[in-house]
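Asks: Have a look at this one before I ask anything.
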Amino acid sequence: MLLNALASLGHKGIKTLRTFGRAGLMLFNALVGKPEFRKHAPLLVRQLYNVGVLSMLIIVVSGVFIGMVLGLQGYLVLTTYSAETSLGMLVALSLLRELGPVVAALLFAGRAGSALTAEIGLMRATEQLSSMEMMAVDPLRRVISPRFWAGVISLPLLTVIFVAVGIWGGSLVGVSWKGIDSGFFWSAMQNAVDWRMDLVNCLIKSVVFAITVTWISLFNGYDAIP
């Protein structure tokens with residue numbers, strides 16, 4: 001019984017390592033070599049539209065409502081201590097440091113990541129990738145690479161948009177609804193936020209999430225079993 005459990009655990013571990021190895025080789029082979037910017041520029045622009053522009057609606061709508069909820073709940077807590085003028089600081093720091101990169105990445109994975117996996121998986125199932133290989137066209141460089149870079153470029157920009165509209169949503173609740181002075185709201189945010197460090201950290205997180213989400217999405221489609 002114990003030997004069977006150990007054998008099963010070892011089998012799962014080896015299978016996981018093989019999966020990581022295939023994913024790493026896929027990404028490495030897609031990105032190494034001489035870049036062909038002129039040839040692949042139209043493909044990259046098309047994927048930037050599919051991955052980035054088409055994801056803006058859910059990013060903007062979700063950002064506004066999350067900012068409004070954050071502003072409302074923050075106001076209810078801060079009024080207990082007569083510190084409602086610090087609402088701008090609370091909303092901005094929460095979105096920049098934590099909520100912005102994480103929620104934007106989750107939304108990106110749900111909208112763009114699933115679309116990438118389905119698209120590449122369909123190409124694998126219909127043998128389009130095999131047909132490219134027969135015509136001496138590298139599917140990793142032509143199909144995977146533009147989509148990977150489109151995801152890496154798009155998500156940080158979408159995160160900035162998410163944070164901006166979230167702060168605006170918080171100001172709608174705090175200033176327009178609850179009557180906080182707009183000068184107090186924006187000055188508290190400006191004094192508390194280190195725009196250089198907080199924004200840079202936000203972008204670093206979003207880049208890491210972009211690489212991870214896009215990589216996993218593309219690999220799951222590329223490694224799909226027809």
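Following the order of the structure tokens, first chain is A, next is B, and so on, with residues numbered from 1 inside each chain and ligands from 1 in the order they appear.
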What are the closest atom pairs, with distances in Å to one decimal, for each residue of region 8-55 of chain A lying within 9 Å of region 139-159 of chain A, using only C-alpha atoms, rows by chain and rising residue number, as a tab-separated table?

Replies:
residue	atom	partner	partner_atom	distance
A:Met26	CA	A:Leu140	CA	7.3
A:Leu27	CA	A:Ser145	CA	8.1
A:Asn29	CA	A:Leu140	CA	6.8
A:Ala30	CA	A:Leu140	CA	4.7
A:Leu31	CA	A:Ser145	CA	6.2
A:Val32	CA	A:Arg141	CA	8.9
A:His40	CA	A:Pro146	CA	7.1
A:Ala41	CA	A:Pro146	CA	8.3
A:Leu43	CA	A:Pro146	CA	6.2
A:Leu44	CA	A:Pro146	CA	4.8
A:Val45	CA	A:Ala150	CA	7.8
A:Arg46	CA	A:Ala150	CA	8.8
A:Gln47	CA	A:Ala150	CA	5.8
A:Leu48	CA	A:Ala150	CA	4.9
A:Tyr49	CA	A:Ala150	CA	8.5
A:Asn50	CA	A:Ala150	CA	8.8
A:Val51	CA	A:Gly151	CA	6.4
A:Gly52	CA	A:Ser154	CA	5.0
A:Val53	CA	A:Ser154	CA	8.3
A:Ser55	CA	A:Leu158	CA	8.1

Asks: Could you list, with a cut-off of 10 Å and counting only C-alpha atoms, the residues of region 163-192 of chain A near region 99-116 of chain A, each shown with its nearest atom pair and the distance in Å rounded to one decimal, rows sorted by chain and ascending number, as a Markdown table?

Replies:
| residue | atom | partner | partner_atom | distance |
| --- | --- | --- | --- | --- |
| A:Val163 | CA | A:Gly100 | CA | 5.5 |
| A:Ala164 | CA | A:Gly100 | CA | 9.3 |
| A:Gly166 | CA | A:Gly100 | CA | 8.4 |

Asks: Quick one: everything within 8 Å of Tyr75 (chain A), counting only C-alpha atoms, minus sequence neighbours fewer than 5 positions away in the same chain. Send it as a VMD selection string.

Replies: chain A and resid 84 87 174

Asks: Could you jot down the CA of Ala23 (chain A) to CA of Ile58 (chain A) separation for me, Å, one decimal place?

Replies: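 We find that CA of Ala23 (chain A) and CA of Ile58 (chain A) lie 28.8 Å from each other.
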
Asks: For region 179-186 of chain A, please output as number ranges by chain all residues within 12 Å (counting only C-alpha atoms; exclusion window: fewer than 4 positions along the same chain).

Replies: A: 71-72, 75, 78-79, 82-92, 167-168, 170-175, 190-193

Asks: Limited to C-alpha atoms, could you put the picked residues into a file as a compact mmCIF listing (two decimals), in the first residue's frame?

Replies:
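Final output, saved to part-v7.txt:
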# COMPACT_ATOMS: atom_id res chain seq x y z
CA GLY A 71 -14.80 53.90 -1.70
CA LEU A 72 -18.13 53.12 -0.04
CA TYR A 75 -15.95 55.65 3.86
CA LEU A 78 -13.23 55.86 8.16
CA THR A 79 -16.26 57.80 9.41
CA SER A 82 -13.66 60.86 11.72
CA ALA A 83 -10.98 60.23 9.09
CA GLU A 84 -13.13 60.23 5.97
CA THR A 85 -10.82 62.80 4.36
CA SER A 86 -8.26 59.98 4.02
CA LEU A 87 -10.52 58.08 1.63
CA GLY A 88 -8.45 59.08 -1.40
CA MET A 89 -5.34 57.61 0.20
CA LEU A 90 -7.13 54.35 1.02
CA VAL A 91 -8.57 53.88 -2.46
CA ALA A 92 -5.36 54.76 -4.30
CA ILE A 167 -9.69 55.76 -8.35
CA TRP A 168 -12.26 57.70 -10.36
CA GLY A 170 -13.86 55.88 -5.54
CA SER A 171 -14.00 59.63 -6.05
CA LEU A 172 -17.54 59.34 -7.41
CA VAL A 173 -18.67 57.76 -4.15
CA GLY A 174 -16.56 59.87 -1.81
CA VAL A 175 -16.84 63.28 -3.43
CA GLN A 190 -1.11 62.67 -3.59
CA ASN A 191 0.57 62.95 -0.20
CA ALA A 192 0.31 59.24 0.64
CA VAL A 193 1.17 57.66 -2.70

Asks: Given the choices A:Leu6, A:Leu96, A:Glu127, A:Ala188, which gets closest to Ser206 (chain A) if the distance is worked out from only C-alpha atoms?

Replies: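 The shortest atom-to-atom distance to Ser206 (chain A) comes from A:Leu96.
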
Asks: Which distance in Å separates CA of Ile211 (chain A) and CA of Arg97 (chain A), to one decimal?

Replies: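 If I compute the distance from CA of Ile211 (chain A) to CA of Arg97 (chain A), I get 18.8 Å.
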
Asks: Identify which of the residues A:Met197, A:Leu93, A:Cys202, A:Ile59 lies closest to Phe162 (chain A), counting only C-alpha atoms when measuring atom-to-atom distances.

Replies: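 Among the listed residues, the smallest separation from Phe162 (chain A) belongs to A:Ile59.
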
Asks: Hey, which of A:Gln128, A:Thr16, A:Ser8, A:Ser94 ends up closest to Tyr222 (chain A)? Count only C-alpha atoms.

Replies: A:Gln128

Asks: To one decimal in Å, tell me the separation between CA of Leu129 (chain A) and CA of Ile14 (chain A).

Replies: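 So the answer is 27.1 Å.
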
Asks: Per DSSP on the backbone, what are the alpha helix (DSSP H) residues of region 2-209 of chain A, as a ChimeraX atom specification?

Replies: /A:2-31,37-51,56-78,87-94,100-108,114-125,128-134,139,145-171,182-192,195-209

Asks: For Asn220 (chain A), which residue among A:Val200, A:Ala118, A:Met56, A:Val64 is the nearest when counting only C-alpha atoms?

Replies: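 The closest residue to Asn220 (chain A) is A:Ala118.
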